[in-house]
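Participant: This is the content of work-v2.cif (mmCIF, C-alpha atoms):
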data_run
#
loop_
_atom_site.group_PDB
_atom_site.id
_atom_site.type_symbol
_atom_site.label_atom_id
_atom_site.label_comp_id
_atom_site.auth_asym_id
_atom_site.auth_seq_id
_atom_site.Cartn_x
_atom_site.Cartn_y
_atom_site.Cartn_z
ATOM 1 C CA MET A 1 172.099 360.296 136.355
ATOM 2 C CA ALA A 2 168.884 360.158 134.314
ATOM 3 C CA ASP A 3 169.458 363.689 133.126
ATOM 4 C CA ILE A 4 172.985 362.800 131.963
ATOM 5 C CA ILE A 5 171.687 359.766 130.054
ATOM 6 C CA LYS A 6 168.970 361.914 128.482
ATOM 7 C CA VAL A 7 171.508 364.478 127.339
ATOM 8 C CA LYS A 8 173.762 361.765 125.889
ATOM 9 C CA MET A 9 170.813 360.295 123.993
ATOM 10 C CA MET A 10 169.943 363.704 122.543
ATOM 11 C CA VAL A 11 173.553 364.232 121.465
ATOM 12 C CA TRP A 12 173.638 360.764 119.915
ATOM 13 C CA MET A 13 170.388 361.370 118.021
ATOM 14 C CA PHE A 14 171.657 364.719 116.773
ATOM 15 C CA LEU A 15 174.913 363.143 115.547
ATOM 16 C CA MET A 16 173.043 360.309 113.818
ATOM 17 C CA SER A 17 170.649 362.778 112.176
ATOM 18 C CA SER A 18 173.576 364.841 110.968
ATOM 19 C CA LEU A 19 175.304 361.755 109.593
ATOM 20 C CA ILE A 20 172.144 360.653 107.762
ATOM 21 C CA THR A 21 171.619 364.137 106.297
ATOM 22 C CA ALA A 22 175.246 364.282 105.220
ATOM 23 C CA ALA A 23 174.968 360.841 103.619
ATOM 24 C CA GLN A 24 171.796 361.833 101.781
ATOM 25 C CA THR A 25 173.401 365.044 100.592
ATOM 26 C CA SER A 26 176.473 363.150 99.450
ATOM 27 C CA LEU A 27 174.327 360.550 97.652
ATOM 28 C CA LYS A 28 172.304 363.268 95.951
ATOM 29 C CA ALA A 29 175.500 365.036 94.895
ATOM 30 C CA ASN A 30 176.863 361.779 93.503
ATOM 31 C CA ILE A 31 173.641 361.152 91.594
ATOM 32 C CA ASN A 32 173.677 364.652 90.145
ATOM 33 C CA THR A 33 177.329 364.189 89.209
ATOM 34 C CA ASP A 34 176.461 360.919 87.476
ATOM 35 C CA ILE A 35 173.664 362.570 85.492
ATOM 36 C CA LYS A 36 175.939 365.448 84.514
ATOM 37 C CA THR A 37 178.524 362.908 83.374
ATOM 38 C CA ALA A 38 175.861 361.079 81.360
ATOM 39 C CA ASP A 39 174.740 364.401 79.893
ATOM 40 C CA SER A 40 178.297 365.119 78.744
ATOM 41 C CA PHE A 41 178.396 361.788 76.881
ATOM 42 C CA PHE A 42 174.913 362.478 75.482
ATOM 43 C CA VAL A 43 175.921 365.860 74.074
ATOM 44 C CA VAL A 44 178.875 364.379 72.155
ATOM 45 C CA ARG A 45 176.686 361.482 70.949
ATOM 46 C CA ASN A 46 178.583 358.781 72.785
ATOM 47 C CA TRP A 47 175.369 356.829 73.128
ATOM 48 C CA ALA A 48 176.834 353.690 74.683
ATOM 49 C CA LYS A 49 178.579 355.545 77.535
ATOM 50 C CA ALA A 50 175.593 357.830 78.019
ATOM 51 C CA LYS A 51 173.315 354.802 78.358
ATOM 52 C CA GLN A 52 175.647 353.145 80.852
ATOM 53 C CA VAL A 53 175.892 356.180 83.133
ATOM 54 C CA TYR A 54 172.197 357.134 82.880
ATOM 55 C CA GLN A 55 171.210 353.603 83.879
ATOM 56 C CA THR A 56 173.431 353.800 86.965
ATOM 57 C CA ALA A 57 172.211 357.246 87.961
ATOM 58 C CA LEU A 58 168.521 356.422 87.459
ATOM 59 C CA LYS A 59 168.642 353.506 89.876
ATOM 60 C CA ASP A 60 168.669 356.067 92.691
ATOM 61 C CA ASN A 61 166.969 358.980 90.922
ATOM 62 C CA ALA A 62 164.115 357.404 88.994
ATOM 63 C CA GLN A 63 162.001 360.589 89.026
ATOM 64 C CA ASN A 64 164.128 362.507 86.510
ATOM 65 C CA SER A 65 161.966 362.684 83.359
ATOM 66 C CA LEU A 66 164.658 364.442 81.314
ATOM 67 C CA ALA A 67 167.226 361.738 82.106
ATOM 68 C CA TRP A 68 164.725 358.997 81.187
ATOM 69 C CA ASN A 69 164.113 360.753 77.878
ATOM 70 C CA ARG A 70 167.835 360.932 77.195
ATOM 71 C CA LEU A 71 168.340 357.310 78.157
ATOM 72 C CA GLY A 72 165.548 356.494 75.728
ATOM 73 C CA PHE A 73 167.172 358.500 72.955
ATOM 74 C CA SER A 74 170.507 356.810 73.637
ATOM 75 C CA ASN A 75 168.787 353.436 73.257
ATOM 76 C CA TYR A 76 167.112 354.659 70.060
ATOM 77 C CA ASN A 77 170.477 355.559 68.553
ATOM 78 C CA LEU A 78 171.835 352.177 69.594
ATOM 79 C CA THR A 79 168.774 350.626 67.828
ATOM 80 C CA PHE A 80 167.443 349.162 71.090
ATOM 81 C CA TYR A 81 163.970 350.338 70.147
ATOM 82 C CA ASP A 82 161.883 348.427 72.707
ATOM 83 C CA GLU A 83 164.139 349.604 75.547
ATOM 84 C CA ALA A 84 163.894 353.126 74.185
ATOM 85 C CA LEU A 85 160.084 353.015 74.199
ATOM 86 C CA GLN A 86 160.075 351.818 77.817
ATOM 87 C CA CYS A 87 162.295 354.747 78.806
ATOM 88 C CA PHE A 88 160.116 357.218 76.941
ATOM 89 C CA GLN A 89 156.987 355.833 78.617
ATOM 90 C CA LYS A 90 158.715 356.239 81.990
ATOM 91 C CA SER A 91 159.570 359.836 81.128
ATOM 92 C CA LEU A 92 155.929 360.555 80.237
ATOM 93 C CA SER A 93 154.694 358.962 83.467
ATOM 94 C CA LEU A 94 156.635 361.584 85.427
ATOM 95 C CA THR A 95 154.522 364.430 83.950
ATOM 96 C CA PRO A 96 157.336 366.306 82.216
ATOM 97 C CA PRO A 97 156.860 369.924 81.096
ATOM 98 C CA THR A 98 155.129 370.367 77.738
ATOM 99 C CA PRO A 99 158.286 371.054 75.625
ATOM 100 C CA LEU A 100 159.876 367.835 76.907
ATOM 101 C CA LYS A 101 156.645 365.908 76.451
ATOM 102 C CA ILE A 102 156.562 366.988 72.781
ATOM 103 C CA ILE A 103 160.120 365.726 72.289
ATOM 104 C CA VAL A 104 159.286 362.382 73.893
ATOM 105 C CA TYR A 105 156.165 361.877 71.758
ATOM 106 C CA THR A 106 158.004 362.691 68.523
ATOM 107 C CA ARG A 107 160.844 360.316 69.353
ATOM 108 C CA MET A 108 158.381 357.563 70.106
ATOM 109 C CA ALA A 109 156.598 358.256 66.803
ATOM 110 C CA ARG A 110 159.883 357.823 64.955
ATOM 111 C CA ILE A 111 160.374 354.386 66.502
ATOM 112 C CA TYR A 112 156.809 353.308 65.734
ATOM 113 C CA ALA A 113 157.338 354.388 62.128
ATOM 114 C CA LEU A 114 160.560 352.363 61.937
ATOM 115 C CA GLN A 115 158.699 349.370 63.350
ATOM 116 C CA LYS A 116 155.952 349.819 60.709
ATOM 117 C CA ASN A 117 153.455 350.420 63.531
ATOM 118 C CA LYS A 118 151.729 353.077 61.462
ATOM 119 C CA GLN A 119 148.571 353.732 63.458
ATOM 120 C CA THR A 120 150.475 354.170 66.708
ATOM 121 C CA ALA A 121 152.946 356.448 64.936
ATOM 122 C CA TYR A 122 150.087 358.664 63.700
ATOM 123 C CA LYS A 123 148.415 358.665 67.128
ATOM 124 C CA THR A 124 151.658 359.610 68.855
ATOM 125 C CA LEU A 125 152.383 362.376 66.352
ATOM 126 C CA ASP A 126 148.854 363.656 66.902
ATOM 127 C CA SER A 127 149.583 363.869 70.625
ATOM 128 C CA ALA A 128 152.678 365.956 69.881
ATOM 129 C CA VAL A 129 150.772 368.226 67.478
ATOM 130 C CA ASN A 130 148.007 368.747 70.052
ATOM 131 C CA LEU A 131 150.663 369.984 72.472
ATOM 132 C CA GLY A 132 152.079 372.464 69.941
ATOM 133 C CA TYR A 133 154.605 370.507 67.858
ATOM 134 C CA THR A 134 155.258 372.505 64.667
ATOM 135 C CA ASN A 135 158.609 371.271 63.327
ATOM 136 C CA VAL A 136 157.420 370.443 59.809
ATOM 137 C CA ALA A 137 161.026 370.113 58.604
ATOM 138 C CA GLU A 138 161.479 367.032 60.792
ATOM 139 C CA LEU A 139 158.537 365.296 59.161
ATOM 140 C CA ASP A 140 159.858 366.206 55.729
ATOM 141 C CA THR A 141 163.475 365.126 56.232
ATOM 142 C CA LEU A 142 163.861 362.430 58.896
ATOM 143 C CA THR A 143 164.505 359.054 57.300
ATOM 144 C CA ASP A 144 162.599 357.368 60.153
ATOM 145 C CA TYR A 145 159.378 358.446 58.439
ATOM 146 C CA SER A 146 160.346 357.201 54.971
ATOM 147 C CA SER A 147 158.026 354.193 55.136
ATOM 148 C CA ILE A 148 154.933 356.266 55.952
ATOM 149 C CA ARG A 149 155.670 359.676 54.440
ATOM 150 C CA ASN A 150 153.469 359.037 51.404
ATOM 151 C CA GLU A 151 150.576 357.637 53.448
ATOM 152 C CA SER A 152 147.407 359.737 53.465
ATOM 153 C CA GLN A 153 147.159 359.775 57.271
ATOM 154 C CA PHE A 154 150.733 360.994 57.590
ATOM 155 C CA LYS A 155 149.984 363.775 55.124
ATOM 156 C CA LEU A 156 146.941 364.789 57.155
ATOM 157 C CA VAL A 157 149.061 365.038 60.298
ATOM 158 C CA ARG A 158 151.627 367.083 58.412
ATOM 159 C CA GLU A 159 148.952 369.398 57.012
ATOM 160 C CA ARG A 160 147.523 370.025 60.471
ATOM 161 C CA MET A 161 150.996 370.700 61.845
ATOM 162 C CA TYR A 162 151.783 373.067 58.970
ATOM 163 C CA LYS A 163 148.585 375.013 59.581
ATOM 164 C CA ASN A 164 149.376 375.259 63.291
ATOM 165 C CA ALA A 165 152.848 376.559 62.461
ATOM 166 C CA ASN A 166 151.503 378.921 59.791
ATOM 167 C CA PRO A 167 148.004 379.991 60.867
ATOM 168 C CA CYS A 168 147.762 382.587 58.076
ATOM 169 C CA MET A 169 147.774 379.801 55.481
ATOM 170 C CA SER A 170 144.322 378.651 56.587
ATOM 171 C CA ASP A 171 142.963 382.159 57.173
ATOM 172 C CA ALA A 172 140.626 383.082 54.296
ATOM 173 C CA HIS A 173 141.144 386.795 54.941
ATOM 174 C CA ALA A 174 144.923 386.397 54.611
ATOM 175 C CA ARG A 175 144.488 384.517 51.325
ATOM 176 C CA GLU A 176 142.515 387.271 49.554
ATOM 177 C CA PHE A 177 145.535 388.781 47.783
ATOM 178 C CA ASP A 178 147.006 385.488 46.567
ATOM 179 C CA PHE A 179 145.792 386.193 43.041
ATOM 180 C CA TRP A 180 148.661 388.683 42.710
ATOM 181 C CA VAL A 181 151.359 386.150 43.684
ATOM 182 C CA GLY A 182 153.607 385.093 40.803
ATOM 183 C CA GLU A 183 156.031 386.401 38.198
ATOM 184 C CA TRP A 184 154.629 388.970 35.785
ATOM 185 C CA ASP A 185 155.444 391.010 32.712
ATOM 186 C CA VAL A 186 153.665 394.346 33.018
ATOM 187 C CA PHE A 187 152.235 396.482 30.204
ATOM 188 C CA ILE A 188 150.339 399.748 29.965
ATOM 189 C CA THR A 189 146.713 398.656 29.885
ATOM 190 C CA GLY A 190 145.228 398.360 26.416
ATOM 191 C CA THR A 191 148.631 398.396 24.707
ATOM 192 C CA THR A 192 151.655 396.197 24.114
ATOM 193 C CA GLN A 193 153.931 398.843 25.624
ATOM 194 C CA TYR A 194 156.188 397.223 28.194
ATOM 195 C CA ALA A 195 156.132 398.907 31.622
ATOM 196 C CA GLY A 196 158.172 396.579 33.817
ATOM 197 C CA HIS A 197 158.615 393.242 35.480
ATOM 198 C CA SER A 198 157.437 392.148 38.912
ATOM 199 C CA ILE A 199 157.876 389.126 41.132
ATOM 200 C CA ILE A 200 155.231 388.864 43.852
ATOM 201 C CA GLN A 201 156.088 386.455 46.658
ATOM 202 C CA MET A 202 154.144 384.973 49.532
ATOM 203 C CA ILE A 203 156.309 385.371 52.659
ATOM 204 C CA SER A 204 156.182 385.005 56.441
ATOM 205 C CA GLY A 205 154.182 381.791 56.352
ATOM 206 C CA GLY A 206 151.476 383.366 54.230
ATOM 207 C CA CYS A 207 151.031 386.370 56.524
ATOM 208 C CA ALA A 208 152.441 388.846 54.000
ATOM 209 C CA ILE A 209 153.032 389.383 50.283
ATOM 210 C CA LEU A 210 156.266 390.924 48.997
ATOM 211 C CA GLU A 211 156.367 392.871 45.725
ATOM 212 C CA ASN A 212 159.648 393.175 43.784
ATOM 213 C CA TRP A 213 159.248 395.733 40.993
ATOM 214 C CA GLU A 214 161.757 396.486 38.216
ATOM 215 C CA SER A 215 161.213 398.869 35.301
ATOM 216 C CA PRO A 216 163.405 400.895 32.941
ATOM 217 C CA GLY A 217 162.763 403.990 35.055
ATOM 218 C CA SER A 218 162.363 402.763 38.617
ATOM 219 C CA ASN A 219 162.489 399.903 41.038
ATOM 220 C CA GLY A 220 161.021 399.281 44.443
ATOM 221 C CA LYS A 221 159.399 396.888 46.850
ATOM 222 C CA SER A 222 156.211 396.731 48.835
ATOM 223 C CA ILE A 223 155.054 394.567 51.681
ATOM 224 C CA ASN A 224 151.349 393.798 51.892
ATOM 225 C CA PHE A 225 149.673 392.501 55.038
ATOM 226 C CA ILE A 226 146.567 392.728 57.196
ATOM 227 C CA ASP A 227 146.894 395.608 59.631
ATOM 228 C CA PRO A 228 146.021 394.169 63.071
ATOM 229 C CA VAL A 229 144.604 397.531 64.167
ATOM 230 C CA THR A 230 142.054 397.882 61.354
ATOM 231 C CA ASN A 231 141.837 394.235 60.210
ATOM 232 C CA GLN A 232 142.180 395.604 56.664
ATOM 233 C CA TRP A 233 144.920 395.159 54.098
ATOM 234 C CA LYS A 234 147.792 397.629 54.015
ATOM 235 C CA GLN A 235 150.605 398.148 51.511
ATOM 236 C CA SER A 236 153.859 399.866 52.428
ATOM 237 C CA TRP A 237 155.823 400.851 49.307
ATOM 238 C CA ALA A 238 159.416 402.072 48.987
ATOM 239 C CA GLY A 239 160.700 403.184 45.565
ATOM 240 C CA ASN A 240 164.168 404.342 44.530
ATOM 241 C CA TYR A 241 163.012 407.809 43.457
ATOM 242 C CA ALA A 242 162.385 411.089 45.315
ATOM 243 C CA ASN A 243 159.405 410.878 47.687
ATOM 244 C CA GLY A 244 159.216 407.169 46.909
ATOM 245 C CA ILE A 245 157.712 406.162 50.251
ATOM 246 C CA GLN A 246 153.960 405.607 50.207
ATOM 247 C CA GLU A 247 151.376 403.760 52.260
ATOM 248 C CA PHE A 248 148.107 402.433 50.887
ATOM 249 C CA VAL A 249 145.522 401.633 53.549
ATOM 250 C CA HIS A 250 142.023 400.309 54.230
ATOM 251 C CA GLY A 251 142.488 397.539 51.670
ATOM 252 C CA GLU A 252 139.340 395.523 51.076
ATOM 253 C CA TYR A 253 138.801 392.641 48.682
ATOM 254 C CA LYS A 254 135.359 392.941 47.139
ATOM 255 C CA ASP A 255 133.849 392.158 43.736
ATOM 256 C CA SER A 256 137.097 390.485 42.557
ATOM 257 C CA ALA A 257 139.246 393.520 43.361
ATOM 258 C CA MET A 258 141.569 394.620 46.168
ATOM 259 C CA ARG A 259 140.841 398.303 46.784
ATOM 260 C CA PHE A 260 143.142 400.598 48.779
ATOM 261 C CA THR A 261 142.897 404.292 49.561
ATOM 262 C CA PHE A 262 145.715 406.716 50.300
ATOM 263 C CA GLU A 263 146.558 410.328 50.993
ATOM 264 C CA THR A 264 149.536 412.415 49.953
ATOM 265 C CA THR A 265 150.370 416.039 49.123
ATOM 266 C CA ASP A 266 151.515 417.875 46.026
ATOM 267 C CA ALA A 267 154.612 420.079 45.767
ATOM 268 C CA LYS A 268 152.717 422.971 47.358
ATOM 269 C CA GLY A 269 151.490 420.877 50.277
ATOM 270 C CA ASN A 270 147.946 420.540 49.024
ATOM 271 C CA LYS A 271 146.132 417.358 50.037
ATOM 272 C CA ILE A 272 145.703 414.640 47.440
ATOM 273 C CA THR A 273 143.431 411.641 47.970
ATOM 274 C CA GLY A 274 143.855 408.462 46.000
ATOM 275 C CA ARG A 275 142.406 405.113 45.052
ATOM 276 C CA PHE A 276 144.634 402.136 44.298
ATOM 277 C CA ILE A 277 142.931 399.040 42.881
ATOM 278 C CA PHE A 278 144.059 395.536 41.886
ATOM 279 C CA PHE A 279 141.506 393.799 39.663
ATOM 280 C CA ASN A 280 141.591 389.995 39.714
ATOM 281 C CA GLN A 281 141.057 389.169 36.029
ATOM 282 C CA GLY A 282 141.611 385.430 36.222
ATOM 283 C CA PRO A 283 144.568 383.138 36.916
ATOM 284 C CA ASN A 284 146.918 384.839 34.440
ATOM 285 C CA GLN A 285 146.076 388.538 34.542
ATOM 286 C CA VAL A 286 145.830 391.379 37.061
ATOM 287 C CA ARG A 287 145.031 395.013 36.355
ATOM 288 C CA GLN A 288 146.638 397.630 38.629
ATOM 289 C CA PHE A 289 144.953 401.020 38.591
ATOM 290 C CA ASN A 290 145.921 404.202 40.472
ATOM 291 C CA GLU A 291 144.001 407.484 40.400
ATOM 292 C CA THR A 292 144.047 410.690 42.457
ATOM 293 C CA SER A 293 141.808 413.628 43.292
ATOM 294 C CA VAL A 294 142.715 417.159 44.402
ATOM 295 C CA ASP A 295 139.129 418.255 45.080
ATOM 296 C CA GLY A 296 138.002 415.744 47.680
ATOM 297 C CA GLY A 297 136.838 413.129 45.196
ATOM 298 C CA LYS A 298 134.751 415.263 42.881
ATOM 299 C CA THR A 299 137.032 414.574 39.947
ATOM 300 C CA TRP A 300 139.704 411.941 39.384
ATOM 301 C CA VAL A 301 142.878 411.749 37.280
ATOM 302 C CA THR A 302 144.531 408.458 36.326
ATOM 303 C CA SER A 303 148.089 408.187 37.629
ATOM 304 C CA TYR A 304 148.822 404.874 35.921
ATOM 305 C CA ASP A 305 146.994 401.854 34.572
ATOM 306 C CA PHE A 306 148.957 398.602 34.231
ATOM 307 C CA THR A 307 148.072 395.081 33.174
ATOM 308 C CA TYR A 308 150.077 392.215 34.687
ATOM 309 C CA ARG A 309 150.417 389.127 32.498
ATOM 310 C CA ARG A 310 151.698 386.022 34.177
ATOM 311 C CA LYS A 311 155.103 385.023 32.854
ATOM 312 C CA LYS A 312 154.967 381.617 31.207
#
Give the structure from the file, written as structure tokens.
Facilitator:
Amino acid sequence: MADIIKVKMMVWMFLMSSLITAAQTSLKANINTDIKTADSFFVVRNWAKAKQVYQTALKDNAQNSLAWNRLGFSNYNLTFYDEALQCFQKSLSLTPPTPLKIIVYTRMARIYALQKNKQTAYKTLDSAVNLGYTNVAELDTLTDYSSIRNESQFKLVRERMYKNANPCMSDAHAREFDFWVGEWDVFITGTTQYAGHSIIQMISGGCAILENWESPGSNGKSINFIDPVTNQWKQSWAGNYANGIQEFVHGEYKDSAMRFTFETTDAKGNKITGRFIFFNQGPNQVRQFNETSVDGGKTWVTSYDFTYRRKK
């Protein structure tokens, strides 16, 4: 009889365990369904419904940092700022992944700015920047920051963010060729004879310089950048004429001049070495000088000599 009772107890415990597991699974499924429903309202910006469903779901699933963030953002859009901050703090307490943490910090900063809590707004933005926040456009365009955008501390945060997003801008090596940036009328050096027109642009967050050349006889473009292999400047030129592709390498800025070297061949295949120099002659003038040698540098012949005058 004891054995029969023991077996019945084991069966009963197994059935109860199965029922509990099934109930937990069903509850978890319901919670996940609720969060998915809230997410669907969130995506279409139905903030009131999203808030309602997130609140219900988070009663039984309080460890979901993403849902807390979205509940906070729903409250923000409903202008319930204090509730939003509480939700964001809850999201942060759950150690969210870095990308989500950045979002939470920036949304909190927006509320602090709206509440004129400037120092906390700066501190919170700093936390986001330290984690890798680089969306400068948000700082420049969001109306939430209107009350502090002209403050010196806000500008410092923006500057640091901009430099993080564009590291070349604060790299002295990458800034060496900036003297050539601008719009220029170009003349044969020592004369008033017009040679062409060029617009030199800083591109790729300051990591490269783009040349746009137009003349009566030719046009072309070059891209200038620091070669990561040599850590020296390099220019890759493409012109619209025969054999118009050329690379100028080993660029070095020294004694107020950017000096490249290059190699090419003549029509018979003989090696030609060259020197290509940009002289920085002040804020409004650059001299561009190209010369070649067919005897290994014993003698040199000028290919062209241009003076760039900044267009007023």
Participant: Work out how far CA of Gly132 (chain A) is from CA of Lys116 (chain A), in Å to one decimal.
Facilitator: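 CA of Gly132 (chain A) lies at a distance of 24.8 Å from CA of Lys116 (chain A).
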Participant: Find the spatial neighbours of region 86-88 of chain A, counting all atoms listed in the file, within a cut-off of 9 Å - ignore same-chain residues fewer than 5 positions away - and output them as a PyMOL selection string.
Facilitator: chain A and resi 65+68-73+75+81+93+104-105+107-108
Participant: For the structure shown, which residues end up in the PyMOL selection byres ((chain A and resi 179) around 9)? Put them as a list in words, please?
Facilitator: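 Selected by the PyMOL selection byres ((chain A and resi 179) around 9) in this file: Arg175, Glu176, Phe177, Asp178, Trp180, Val181, Gly182, Asn280, Gln281, Gly282, Pro283, Asn284, Gln285 and Val286 of chain A.
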Participant: Would you mind telling me which residue in A:Glu214, A:Asp126, A:Glu183, A:Asp227 lies nearest to Lys312 (chain A) when using all atoms listed in the file?
Facilitator: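 Among the listed residues, the smallest separation from Lys312 (chain A) belongs to A:Glu183.
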Participant: Could you tell me how far CA of Ile272 (chain A) lies from CA of Gly297 (chain A), in Å and to one decimal?
Facilitator: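 That distance, rounded to one decimal, is 9.3 Å.
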Participant: N, CA and C atoms are what I want for region 179-193 of chain A; can you complete it accordingly and write them as a PDB file, in the frame of the given file?
Facilitator:
ATOM      1  N   PHE A 179     145.891 386.135  44.502  1.00  0.00           N
ATOM      2  CA  PHE A 179     145.792 386.193  43.041  1.00  0.00           C
ATOM      3  C   PHE A 179     146.917 387.019  42.417  1.00  0.00           C
ATOM      4  N   TRP A 180     147.570 387.844  43.219  1.00  0.00           N
ATOM      5  CA  TRP A 180     148.661 388.683  42.710  1.00  0.00           C
ATOM      6  C   TRP A 180     150.013 387.979  42.785  1.00  0.00           C
ATOM      7  N   VAL A 181     150.089 386.863  43.500  1.00  0.00           N
ATOM      8  CA  VAL A 181     151.359 386.150  43.684  1.00  0.00           C
ATOM      9  C   VAL A 181     151.793 385.514  42.365  1.00  0.00           C
ATOM     10  N   GLY A 182     153.069 385.683  42.016  1.00  0.00           N
ATOM     11  CA  GLY A 182     153.607 385.093  40.803  1.00  0.00           C
ATOM     12  C   GLY A 182     154.652 385.981  40.157  1.00  0.00           C
ATOM     13  N   GLU A 183     155.081 385.600  38.978  1.00  0.00           N
ATOM     14  CA  GLU A 183     156.031 386.401  38.198  1.00  0.00           C
ATOM     15  C   GLU A 183     155.298 386.960  36.985  1.00  0.00           C
ATOM     16  N   TRP A 184     155.456 388.290  36.769  1.00  0.00           N
ATOM     17  CA  TRP A 184     154.629 388.970  35.785  1.00  0.00           C
ATOM     18  C   TRP A 184     155.447 389.873  34.869  1.00  0.00           C
ATOM     19  N   ASP A 185     155.042 389.932  33.615  1.00  0.00           N
ATOM     20  CA  ASP A 185     155.444 391.010  32.712  1.00  0.00           C
ATOM     21  C   ASP A 185     154.318 392.022  32.725  1.00  0.00           C
ATOM     22  N   VAL A 186     154.660 393.306  32.799  1.00  0.00           N
ATOM     23  CA  VAL A 186     153.665 394.346  33.018  1.00  0.00           C
ATOM     24  C   VAL A 186     153.635 395.293  31.816  1.00  0.00           C
ATOM     25  N   PHE A 187     152.425 395.625  31.373  1.00  0.00           N
ATOM     26  CA  PHE A 187     152.235 396.482  30.204  1.00  0.00           C
ATOM     27  C   PHE A 187     151.240 397.597  30.552  1.00  0.00           C
ATOM     28  N   ILE A 188     151.343 398.710  29.834  1.00  0.00           N
ATOM     29  CA  ILE A 188     150.339 399.748  29.965  1.00  0.00           C
ATOM     30  C   ILE A 188     149.028 399.190  29.423  1.00  0.00           C
ATOM     31  N   THR A 189     147.988 399.287  30.218  1.00  0.00           N
ATOM     32  CA  THR A 189     146.713 398.656  29.885  1.00  0.00           C
ATOM     33  C   THR A 189     146.193 399.100  28.517  1.00  0.00           C
ATOM     34  N   GLY A 190     145.781 398.104  27.733  1.00  0.00           N
ATOM     35  CA  GLY A 190     145.228 398.360  26.416  1.00  0.00           C
ATOM     36  C   GLY A 190     146.267 398.486  25.329  1.00  0.00           C
ATOM     37  N   THR A 191     147.554 398.279  25.694  1.00  0.00           N
ATOM     38  CA  THR A 191     148.631 398.396  24.707  1.00  0.00           C
ATOM     39  C   THR A 191     149.582 397.214  24.859  1.00  0.00           C
ATOM     40  N   THR A 192     150.572 397.170  23.979  1.00  0.00           N
ATOM     41  CA  THR A 192     151.655 396.197  24.114  1.00  0.00           C
ATOM     42  C   THR A 192     152.919 396.879  24.613  1.00  0.00           C
ATOM     43  N   GLN A 193     152.775 398.087  25.144  1.00  0.00           N
ATOM     44  CA  GLN A 193     153.931 398.843  25.624  1.00  0.00           C
ATOM     45  C   GLN A 193     154.382 398.304  26.974  1.00  0.00           C
TER      46      GLN A 193
END
